[in-house]
Amino acid sequence: MSGSSPASTPSSNEGATARVEIGSESYDMPVRSGTVGPDVVDISKLYGQSGHFTYDPGYTSTASCESKITYIDGGKGELLYRGYPIDQLAEQGTFLETCYLLLWGDLPSREEYKDFEARVTQHTMLHEQMYRFYTGFRRDAHPMAIMVGVVGALSAFYHDSTDIQDEHQRMVASYRMIAKMPTIAAMAYKYSVGQPFIYPRNDLDYSANFLNMCFAVPCEAYDVNPVLARAMDRILILHADHEQNASTSTVRLAGSSGANPFACIAAGIACLWGPAHGGANEAALNMLEEIGTVDRIPEYVKRAKDKSDPFRLMGFGHRVYKNYDPRAKVMQQTCHEVLETLDIKDAPRLKVAMELERIALEDDYFVEKKLYPNIDFYSGITLRAMGFPSSMFTVLFAVARTVGWIAQWQEMITDPSHRIGRPRQLYTGPTERDYVTVDQRG
């Protein structure tokens, strides 16, 4: 079950080279071109030829792999999944359509989509023993700690889908993780609030089923609000993949060693847990709570403009996007729809957020520095309005990003040129020295 991406031709730069001069020696490195985006200098043979490494902390100027999945142009504010603009997918498609696209390269036909949806739905339940696995955690355990542990433990329950050399097993593992991640996440939430687990319902779509598992209780009927279900679907689409970010690179690095797919995704979740990566929407919400009321906004805006003040407005600007985050436009619309549906327009936090939004889009300082509201600014408000505590925000991020991690992992595994990841270093420690016994050290 695989799709073929439309034919695309790399930009014309065949035969071009970049000359690297080190002392009196020079080395010609080939220049490679993608279908879109900047050309890259291939330095893979630099060490063999010159004995020198390159130094790039954070790999901000290094392409770590070749990929056909996601493209970002930060200057234009553009995000494409397999060539499709993110706003079109989020506004017109479904999350499972996006999953199929990321995994197989093309949007599914009607029959392909029906088959894919059925396959995912068949895997939504967890092995019954895993329900008891949760009781090993303290009630106040962070849901992300539970996610790392439970996802890592999947390999102990599903031995028939851990052979990465078997294409069928890789496919089954992929479907299982996409299907089971909402169940695992909902159970982490239920456990944290002391409520009984709710089993998945195969009569509901992906996002409605997730909301039902999170908010239904056995003692009364629960009807999933279609506006909230659609909002959740959009949130999942918007977070499904984002090129070679920290957690995706972690999944690829773990996978390069031949680790099983469940372990690789658990590694990605652990990386996502970092506040600089998956916790940005929670930080934005905390900032709104700190500001408190609209009348205090000028004080905080003034502090944000003061370079000597450590305070920063969270949820504005983006490391990659130097224009309006294309995901934020869809998230803004979704946020307003949710708030209107739930009729909580008068919440103090919302008033602060809307005023900050207005300032960021009109104030010369923010416009010049391109500090536009990003997806984290709107998603935190939306998720809180839907009933999720801030501790669950990164968990929801993990549910969405699972398909991106899997697609990236699959792409790497099937790439015949992939090797185990082994970054180099610039060593600045002591040179060789002899051991001295403790008696001689004084």
# chains A, B, ... in the order shown; residues from 1 in each chain; ligands from 1

call {"tool": "residues_around", "arguments": {"residues": "Val224 (chain A)", "least_positions_apart": "6", "cutoff": "7 Å", "atoms": "only C-alpha atoms", "output": "list in words"}}
result
Ala208, Leu211 and Asn212 of chain A

call {"tool": "residues_around", "arguments": {"residues": "Glu340 (chain A)", "least_positions_apart": "3", "cutoff": "12 Å", "atoms": "only C-alpha atoms", "output": "VMD selection string"}}
result
chain A and resid 227 to 228 333 to 337 343 to 347 350 382 385 to 386

call {"tool": "atom_distance", "arguments": {"atom1": "CA of Tyr175 (chain A)", "atom2": "CA of Ala231 (chain A)"}}
result
22.8 Å

call {"tool": "residues_around", "arguments": {"residues": "region 158-165 of chain A", "least_positions_apart": "5", "cutoff": "10 Å", "atoms": "only C-alpha atoms", "output": "list in words"}}
result
His127, Ala153, Arg170, Met171, Val172, Ala173, Ser174, Arg176, Gly255, Gly258, Ala259, Asn260, Pro261, Phe262, Ala263, Gln410, Ile413 and Thr414 of chain A

call {"tool": "write_last_selection", "arguments": {"atoms": "N, CA, C and O atoms", "output": "mmCIF file, in the first residue's frame"}}
result
data_model
loop_
_atom_site.group_PDB
_atom_site.id
_atom_site.type_symbol
_atom_site.label_atom_id
_atom_site.label_comp_id
_atom_site.auth_asym_id
_atom_site.auth_seq_id
_atom_site.Cartn_x
_atom_site.Cartn_y
_atom_site.Cartn_z
ATOM 1 N N HIS A 127 -3.599 -3.562 24.327
ATOM 2 C CA HIS A 127 -3.557 -4.861 24.988
ATOM 3 C C HIS A 127 -4.063 -4.673 26.415
ATOM 4 O O HIS A 127 -3.677 -3.728 27.105
ATOM 5 N N ALA A 153 6.935 0.857 26.133
ATOM 6 C CA ALA A 153 6.545 -0.504 26.513
ATOM 7 C C ALA A 153 5.752 -1.225 25.422
ATOM 8 O O ALA A 153 5.555 -2.442 25.526
ATOM 9 N N ARG A 170 6.641 -3.207 9.494
ATOM 10 C CA ARG A 170 6.771 -1.752 9.624
ATOM 11 C C ARG A 170 5.424 -1.073 9.424
ATOM 12 O O ARG A 170 5.074 -0.125 10.137
ATOM 13 N N MET A 171 4.645 -1.558 8.461
ATOM 14 C CA MET A 171 3.333 -0.982 8.202
ATOM 15 C C MET A 171 2.398 -1.208 9.391
ATOM 16 O O MET A 171 1.693 -0.285 9.827
ATOM 17 N N VAL A 172 2.400 -2.415 9.939
ATOM 18 C CA VAL A 172 1.531 -2.717 11.083
ATOM 19 C C VAL A 172 1.913 -1.858 12.278
ATOM 20 O O VAL A 172 1.045 -1.309 12.967
ATOM 21 N N ALA A 173 3.224 -1.719 12.529
ATOM 22 C CA ALA A 173 3.680 -0.877 13.639
ATOM 23 C C ALA A 173 3.235 0.568 13.436
ATOM 24 O O ALA A 173 2.821 1.250 14.393
ATOM 25 N N SER A 174 3.296 1.044 12.193
ATOM 26 C CA SER A 174 2.882 2.418 11.887
ATOM 27 C C SER A 174 1.403 2.617 12.182
ATOM 28 O O SER A 174 1.004 3.591 12.835
ATOM 29 N N ARG A 176 -0.484 0.825 14.119
ATOM 30 C CA ARG A 176 -0.746 0.660 15.550
ATOM 31 C C ARG A 176 -0.461 1.945 16.323
ATOM 32 O O ARG A 176 -1.243 2.343 17.181
ATOM 33 N N GLY A 255 16.427 5.706 15.230
ATOM 34 C CA GLY A 255 16.145 4.705 14.217
ATOM 35 C C GLY A 255 17.365 4.298 13.421
ATOM 36 O O GLY A 255 17.439 3.172 12.922
ATOM 37 N N GLY A 258 18.945 1.081 14.291
ATOM 38 C CA GLY A 258 18.181 -0.147 14.101
ATOM 39 C C GLY A 258 17.206 -0.417 15.227
ATOM 40 O O GLY A 258 16.634 -1.508 15.300
ATOM 41 N N ALA A 259 16.987 0.580 16.100
ATOM 42 C CA ALA A 259 16.043 0.400 17.212
ATOM 43 C C ALA A 259 14.638 0.161 16.671
ATOM 44 O O ALA A 259 14.280 0.625 15.586
ATOM 45 N N ASN A 260 13.819 -0.552 17.454
ATOM 46 C CA ASN A 260 12.461 -0.838 16.997
ATOM 47 C C ASN A 260 11.627 0.449 16.953
ATOM 48 O O ASN A 260 11.946 1.417 17.651
ATOM 49 N N PRO A 261 10.576 0.478 16.145
ATOM 50 C CA PRO A 261 9.828 1.726 15.935
ATOM 51 C C PRO A 261 9.194 2.286 17.201
ATOM 52 O O PRO A 261 9.105 3.511 17.362
ATOM 53 N N PHE A 262 8.756 1.430 18.120
ATOM 54 C CA PHE A 262 8.131 1.922 19.349
ATOM 55 C C PHE A 262 9.163 2.669 20.210
ATOM 56 O O PHE A 262 8.866 3.712 20.790
ATOM 57 N N ALA A 263 10.383 2.132 20.262
ATOM 58 C CA ALA A 263 11.454 2.794 21.017
ATOM 59 C C ALA A 263 11.806 4.136 20.388
ATOM 60 O O ALA A 263 12.063 5.122 21.096
ATOM 61 N N GLN A 410 10.121 5.843 8.534
ATOM 62 C CA GLN A 410 9.959 4.940 7.401
ATOM 63 C C GLN A 410 10.847 5.364 6.235
ATOM 64 O O GLN A 410 11.481 4.532 5.575
ATOM 65 N N ILE A 413 14.475 4.418 7.033
ATOM 66 C CA ILE A 413 14.720 2.981 7.005
ATOM 67 C C ILE A 413 14.818 2.450 5.577
ATOM 68 O O ILE A 413 15.609 1.554 5.283
ATOM 69 N N THR A 414 14.010 3.016 4.684
ATOM 70 C CA THR A 414 13.982 2.530 3.298
ATOM 71 C C THR A 414 14.996 3.241 2.402
ATOM 72 O O THR A 414 15.081 2.937 1.210
#

call {"tool": "closest_residue", "arguments": {"among": "A:Lys305, A:Gln425, A:Leu396, A:Thr54", "to": "Leu371 (chain A)", "atoms": "only C-alpha atoms"}}
result
A:Lys305

call {"tool": "residues_around", "arguments": {"residues": "Leu383 (chain A)", "least_positions_apart": "3", "cutoff": "12 Å", "atoms": "only C-alpha atoms", "output": "ChimeraX atom specification"}}
result
/A:211,228-229,231-232,234-236,281-282,285,331,334-336,338-339,375-380,386-397

call {"tool": "residues_around", "arguments": {"residues": "Leu288 (chain A)", "least_positions_apart": "2", "cutoff": "8 Å", "atoms": "only C-alpha atoms", "output": "PDB file with all heavy atoms, in the first residue's frame"}}
result
ATOM      1  N   ALA A 284       3.018  30.006  26.582  1.00  0.00           N
ATOM      2  CA  ALA A 284       2.223  31.150  26.134  1.00  0.00           C
ATOM      3  C   ALA A 284       1.015  31.352  27.041  1.00  0.00           C
ATOM      4  O   ALA A 284       0.660  32.483  27.391  1.00  0.00           O
ATOM      5  CB  ALA A 284       1.774  30.939  24.690  1.00  0.00           C
ATOM      6  N   LEU A 285       0.400  30.257  27.427  1.00  0.00           N
ATOM      7  CA  LEU A 285      -0.761  30.351  28.305  1.00  0.00           C
ATOM      8  C   LEU A 285      -0.355  30.865  29.683  1.00  0.00           C
ATOM      9  O   LEU A 285      -1.051  31.688  30.296  1.00  0.00           O
ATOM     10  CB  LEU A 285      -1.438  28.984  28.427  1.00  0.00           C
ATOM     11  CG  LEU A 285      -2.895  28.989  28.893  1.00  0.00           C
ATOM     12  CD1 LEU A 285      -3.770  29.734  27.893  1.00  0.00           C
ATOM     13  CD2 LEU A 285      -3.405  27.570  29.069  1.00  0.00           C
ATOM     14  N   ASN A 286       0.778  30.397  30.186  1.00  0.00           N
ATOM     15  CA  ASN A 286       1.281  30.869  31.481  1.00  0.00           C
ATOM     16  C   ASN A 286       1.564  32.367  31.437  1.00  0.00           C
ATOM     17  O   ASN A 286       1.346  33.076  32.427  1.00  0.00           O
ATOM     18  CB  ASN A 286       2.551  30.100  31.872  1.00  0.00           C
ATOM     19  CG  ASN A 286       2.269  28.650  32.206  1.00  0.00           C
ATOM     20  OD1 ASN A 286       1.143  28.287  32.547  1.00  0.00           O
ATOM     21  ND2 ASN A 286       3.287  27.811  32.124  1.00  0.00           N
ATOM     22  N   GLU A 290       0.049  35.323  33.710  1.00  0.00           N
ATOM     23  CA  GLU A 290       0.909  36.248  34.441  1.00  0.00           C
ATOM     24  C   GLU A 290       0.479  37.694  34.203  1.00  0.00           C
ATOM     25  O   GLU A 290       0.437  38.503  35.132  1.00  0.00           O
ATOM     26  CB  GLU A 290       2.370  36.067  34.015  1.00  0.00           C
ATOM     27  CG  GLU A 290       3.329  37.021  34.741  1.00  0.00           C
ATOM     28  CD  GLU A 290       4.758  36.893  34.251  1.00  0.00           C
ATOM     29  OE1 GLU A 290       5.070  35.904  33.550  1.00  0.00           O
ATOM     30  OE2 GLU A 290       5.576  37.787  34.562  1.00  0.00           O
ATOM     31  N   ILE A 291       0.171  38.018  32.945  1.00  0.00           N
ATOM     32  CA  ILE A 291      -0.284  39.379  32.639  1.00  0.00           C
ATOM     33  C   ILE A 291      -1.609  39.659  33.337  1.00  0.00           C
ATOM     34  O   ILE A 291      -1.803  40.720  33.923  1.00  0.00           O
ATOM     35  CB  ILE A 291      -0.420  39.559  31.110  1.00  0.00           C
ATOM     36  CG1 ILE A 291       0.946  39.437  30.446  1.00  0.00           C
ATOM     37  CG2 ILE A 291      -1.046  40.924  30.782  1.00  0.00           C
ATOM     38  CD1 ILE A 291       0.925  39.470  28.928  1.00  0.00           C
ATOM     39  N   GLY A 292      -2.520  38.709  33.268  1.00  0.00           N
ATOM     40  CA  GLY A 292      -3.744  38.774  34.066  1.00  0.00           C
ATOM     41  C   GLY A 292      -4.880  39.578  33.491  1.00  0.00           C
ATOM     42  O   GLY A 292      -5.944  39.042  33.199  1.00  0.00           O
ATOM     43  N   ARG A 349      -8.436  35.804  30.396  1.00  0.00           N
ATOM     44  CA  ARG A 349      -7.281  35.370  29.621  1.00  0.00           C
ATOM     45  C   ARG A 349      -7.507  35.624  28.129  1.00  0.00           C
ATOM     46  O   ARG A 349      -6.599  36.008  27.407  1.00  0.00           O
ATOM     47  CB  ARG A 349      -7.019  33.885  29.871  1.00  0.00           C
ATOM     48  CG  ARG A 349      -5.704  33.379  29.294  1.00  0.00           C
ATOM     49  CD  ARG A 349      -5.560  31.882  29.459  1.00  0.00           C
ATOM     50  NE  ARG A 349      -5.634  31.471  30.842  1.00  0.00           N
ATOM     51  CZ  ARG A 349      -6.651  30.789  31.364  1.00  0.00           C
ATOM     52  NH1 ARG A 349      -7.684  30.463  30.618  1.00  0.00           N
ATOM     53  NH2 ARG A 349      -6.648  30.434  32.634  1.00  0.00           N
ATOM     54  N   VAL A 352      -7.065  39.317  27.278  1.00  0.00           N
ATOM     55  CA  VAL A 352      -5.635  39.633  27.204  1.00  0.00           C
ATOM     56  C   VAL A 352      -5.062  39.147  25.876  1.00  0.00           C
ATOM     57  O   VAL A 352      -4.314  39.848  25.197  1.00  0.00           O
ATOM     58  CB  VAL A 352      -4.870  39.005  28.393  1.00  0.00           C
ATOM     59  CG1 VAL A 352      -3.360  39.179  28.205  1.00  0.00           C
ATOM     60  CG2 VAL A 352      -5.311  39.630  29.707  1.00  0.00           C
ATOM     61  N   ALA A 353      -5.419  37.932  25.497  1.00  0.00           N
ATOM     62  CA  ALA A 353      -4.893  37.342  24.274  1.00  0.00           C
ATOM     63  C   ALA A 353      -5.322  38.140  23.045  1.00  0.00           C
ATOM     64  O   ALA A 353      -4.507  38.409  22.151  1.00  0.00           O
ATOM     65  CB  ALA A 353      -5.374  35.896  24.147  1.00  0.00           C
TER      66      ALA A 353
END

call {"tool": "residues_around", "arguments": {"residues": "Glu91 (chain A)", "least_positions_apart": "4", "cutoff": "9 Å", "atoms": "only C-alpha atoms", "output": "ChimeraX atom specification"}}
result
/A:86-87,234,330

call {"tool": "decode", "arguments": {"residues": "region 61-75 of chain A", "atoms": "all heavy atoms", "output": "PDB file, in the first residue's frame"}}
result
ATOM      1  N   SER A  61      22.840  25.048  10.107  1.00  0.00           N
ATOM      2  CA  SER A  61      23.237  25.236   8.714  1.00  0.00           C
ATOM      3  C   SER A  61      23.561  23.903   8.047  1.00  0.00           C
ATOM      4  O   SER A  61      24.285  23.864   7.059  1.00  0.00           O
ATOM      5  CB  SER A  61      24.470  26.158   8.633  1.00  0.00           C
ATOM      6  OG  SER A  61      24.169  27.448   9.108  1.00  0.00           O
ATOM      7  N   THR A  62      23.045  22.829   8.626  1.00  0.00           N
ATOM      8  CA  THR A  62      23.369  21.489   8.141  1.00  0.00           C
ATOM      9  C   THR A  62      22.110  20.725   7.763  1.00  0.00           C
ATOM     10  O   THR A  62      21.171  20.638   8.556  1.00  0.00           O
ATOM     11  CB  THR A  62      24.135  20.693   9.212  1.00  0.00           C
ATOM     12  OG1 THR A  62      25.361  21.370   9.509  1.00  0.00           O
ATOM     13  CG2 THR A  62      24.445  19.283   8.731  1.00  0.00           C
ATOM     14  N   ALA A  63      22.094  20.168   6.545  1.00  0.00           N
ATOM     15  CA  ALA A  63      21.022  19.262   6.144  1.00  0.00           C
ATOM     16  C   ALA A  63      21.431  17.856   6.584  1.00  0.00           C
ATOM     17  O   ALA A  63      22.412  17.309   6.086  1.00  0.00           O
ATOM     18  CB  ALA A  63      20.816  19.313   4.629  1.00  0.00           C
ATOM     19  N   SER A  64      20.695  17.286   7.536  1.00  0.00           N
ATOM     20  CA  SER A  64      21.080  15.997   8.097  1.00  0.00           C
ATOM     21  C   SER A  64      20.603  14.819   7.274  1.00  0.00           C
ATOM     22  O   SER A  64      21.010  13.683   7.506  1.00  0.00           O
ATOM     23  CB  SER A  64      20.528  15.865   9.527  1.00  0.00           C
ATOM     24  OG  SER A  64      19.110  15.930   9.523  1.00  0.00           O
ATOM     25  N   CYS A  65      19.712  15.077   6.315  1.00  0.00           N
ATOM     26  CA  CYS A  65      19.173  13.979   5.512  1.00  0.00           C
ATOM     27  C   CYS A  65      18.538  14.547   4.247  1.00  0.00           C
ATOM     28  O   CYS A  65      18.394  15.756   4.090  1.00  0.00           O
ATOM     29  CB  CYS A  65      18.119  13.202   6.314  1.00  0.00           C
ATOM     30  SG  CYS A  65      16.657  14.181   6.724  1.00  0.00           S
ATOM     31  N   GLU A  66      18.153  13.650   3.365  1.00  0.00           N
ATOM     32  CA  GLU A  66      17.355  14.009   2.195  1.00  0.00           C
ATOM     33  C   GLU A  66      15.938  13.520   2.452  1.00  0.00           C
ATOM     34  O   GLU A  66      15.741  12.400   2.918  1.00  0.00           O
ATOM     35  CB  GLU A  66      17.912  13.343   0.942  1.00  0.00           C
ATOM     36  CG  GLU A  66      17.157  13.660  -0.329  1.00  0.00           C
ATOM     37  CD  GLU A  66      17.757  12.983  -1.552  1.00  0.00           C
ATOM     38  OE1 GLU A  66      19.008  12.880  -1.617  1.00  0.00           O
ATOM     39  OE2 GLU A  66      16.980  12.549  -2.427  1.00  0.00           O
ATOM     40  N   SER A  67      14.939  14.356   2.200  1.00  0.00           N
ATOM     41  CA  SER A  67      13.563  13.974   2.520  1.00  0.00           C
ATOM     42  C   SER A  67      12.585  14.506   1.480  1.00  0.00           C
ATOM     43  O   SER A  67      12.815  15.561   0.882  1.00  0.00           O
ATOM     44  CB  SER A  67      13.172  14.493   3.904  1.00  0.00           C
ATOM     45  OG  SER A  67      11.844  14.124   4.233  1.00  0.00           O
ATOM     46  N   LYS A  68      11.499  13.774   1.283  1.00  0.00           N
ATOM     47  CA  LYS A  68      10.442  14.172   0.352  1.00  0.00           C
ATOM     48  C   LYS A  68       9.141  14.511   1.088  1.00  0.00           C
ATOM     49  O   LYS A  68       8.091  14.611   0.461  1.00  0.00           O
ATOM     50  CB  LYS A  68      10.168  13.042  -0.650  1.00  0.00           C
ATOM     51  CG  LYS A  68      11.317  12.693  -1.573  1.00  0.00           C
ATOM     52  CD  LYS A  68      10.929  11.549  -2.500  1.00  0.00           C
ATOM     53  CE  LYS A  68      12.004  11.294  -3.553  1.00  0.00           C
ATOM     54  NZ  LYS A  68      13.247  10.766  -2.946  1.00  0.00           N
ATOM     55  N   ILE A  69       9.190  14.656   2.408  1.00  0.00           N
ATOM     56  CA  ILE A  69       7.956  14.716   3.193  1.00  0.00           C
ATOM     57  C   ILE A  69       7.449  16.135   3.415  1.00  0.00           C
ATOM     58  O   ILE A  69       6.339  16.480   3.022  1.00  0.00           O
ATOM     59  CB  ILE A  69       8.150  13.986   4.537  1.00  0.00           C
ATOM     60  CG1 ILE A  69       8.474  12.511   4.276  1.00  0.00           C
ATOM     61  CG2 ILE A  69       6.889  14.100   5.404  1.00  0.00           C
ATOM     62  CD1 ILE A  69       8.855  11.721   5.511  1.00  0.00           C
ATOM     63  N   THR A  70       8.240  16.970   4.043  1.00  0.00           N
ATOM     64  CA  THR A  70       7.775  18.307   4.444  1.00  0.00           C
ATOM     65  C   THR A  70       8.754  19.373   4.003  1.00  0.00           C
ATOM     66  O   THR A  70       9.967  19.185   4.100  1.00  0.00           O
ATOM     67  CB  THR A  70       7.602  18.367   5.981  1.00  0.00           C
ATOM     68  OG1 THR A  70       6.660  17.386   6.380  1.00  0.00           O
ATOM     69  CG2 THR A  70       7.102  19.733   6.417  1.00  0.00           C
ATOM     70  N   TYR A  71       8.216  20.491   3.535  1.00  0.00           N
ATOM     71  CA  TYR A  71       9.059  21.612   3.134  1.00  0.00           C
ATOM     72  C   TYR A  71       8.587  22.882   3.831  1.00  0.00           C
ATOM     73  O   TYR A  71       7.389  23.166   3.888  1.00  0.00           O
ATOM     74  CB  TYR A  71       9.017  21.830   1.618  1.00  0.00           C
ATOM     75  CG  TYR A  71       9.760  23.068   1.192  1.00  0.00           C
ATOM     76  CD1 TYR A  71      11.150  23.122   1.237  1.00  0.00           C
ATOM     77  CD2 TYR A  71       9.064  24.217   0.783  1.00  0.00           C
ATOM     78  CE1 TYR A  71      11.838  24.261   0.873  1.00  0.00           C
ATOM     79  CE2 TYR A  71       9.746  25.363   0.403  1.00  0.00           C
ATOM     80  CZ  TYR A  71      11.133  25.389   0.454  1.00  0.00           C
ATOM     81  OH  TYR A  71      11.816  26.528   0.112  1.00  0.00           O
ATOM     82  N   ILE A  72       9.538  23.629   4.362  1.00  0.00           N
ATOM     83  CA  ILE A  72       9.255  24.898   5.032  1.00  0.00           C
ATOM     84  C   ILE A  72      10.064  26.003   4.376  1.00  0.00           C
ATOM     85  O   ILE A  72      11.264  25.848   4.144  1.00  0.00           O
ATOM     86  CB  ILE A  72       9.629  24.836   6.531  1.00  0.00           C
ATOM     87  CG1 ILE A  72       8.791  23.781   7.263  1.00  0.00           C
ATOM     88  CG2 ILE A  72       9.446  26.197   7.191  1.00  0.00           C
ATOM     89  CD1 ILE A  72       9.252  23.539   8.694  1.00  0.00           C
ATOM     90  N   ASP A  73       9.411  27.112   4.065  1.00  0.00           N
ATOM     91  CA  ASP A  73      10.089  28.338   3.660  1.00  0.00           C
ATOM     92  C   ASP A  73       9.732  29.378   4.705  1.00  0.00           C
ATOM     93  O   ASP A  73       8.633  29.944   4.694  1.00  0.00           O
ATOM     94  CB  ASP A  73       9.634  28.788   2.266  1.00  0.00           C
ATOM     95  CG  ASP A  73      10.454  29.977   1.744  1.00  0.00           C
ATOM     96  OD1 ASP A  73      10.797  30.858   2.559  1.00  0.00           O
ATOM     97  OD2 ASP A  73      10.743  30.026   0.537  1.00  0.00           O
ATOM     98  N   GLY A  74      10.648  29.581   5.642  1.00  0.00           N
ATOM     99  CA  GLY A  74      10.374  30.487   6.751  1.00  0.00           C
ATOM    100  C   GLY A  74      10.181  31.920   6.319  1.00  0.00           C
ATOM    101  O   GLY A  74       9.389  32.656   6.918  1.00  0.00           O
ATOM    102  N   GLY A  75      10.896  32.334   5.267  1.00  0.00           N
ATOM    103  CA  GLY A  75      10.768  33.710   4.800  1.00  0.00           C
ATOM    104  C   GLY A  75       9.405  33.995   4.210  1.00  0.00           C
ATOM    105  O   GLY A  75       8.829  35.066   4.413  1.00  0.00           O
TER     106      GLY A  75
END
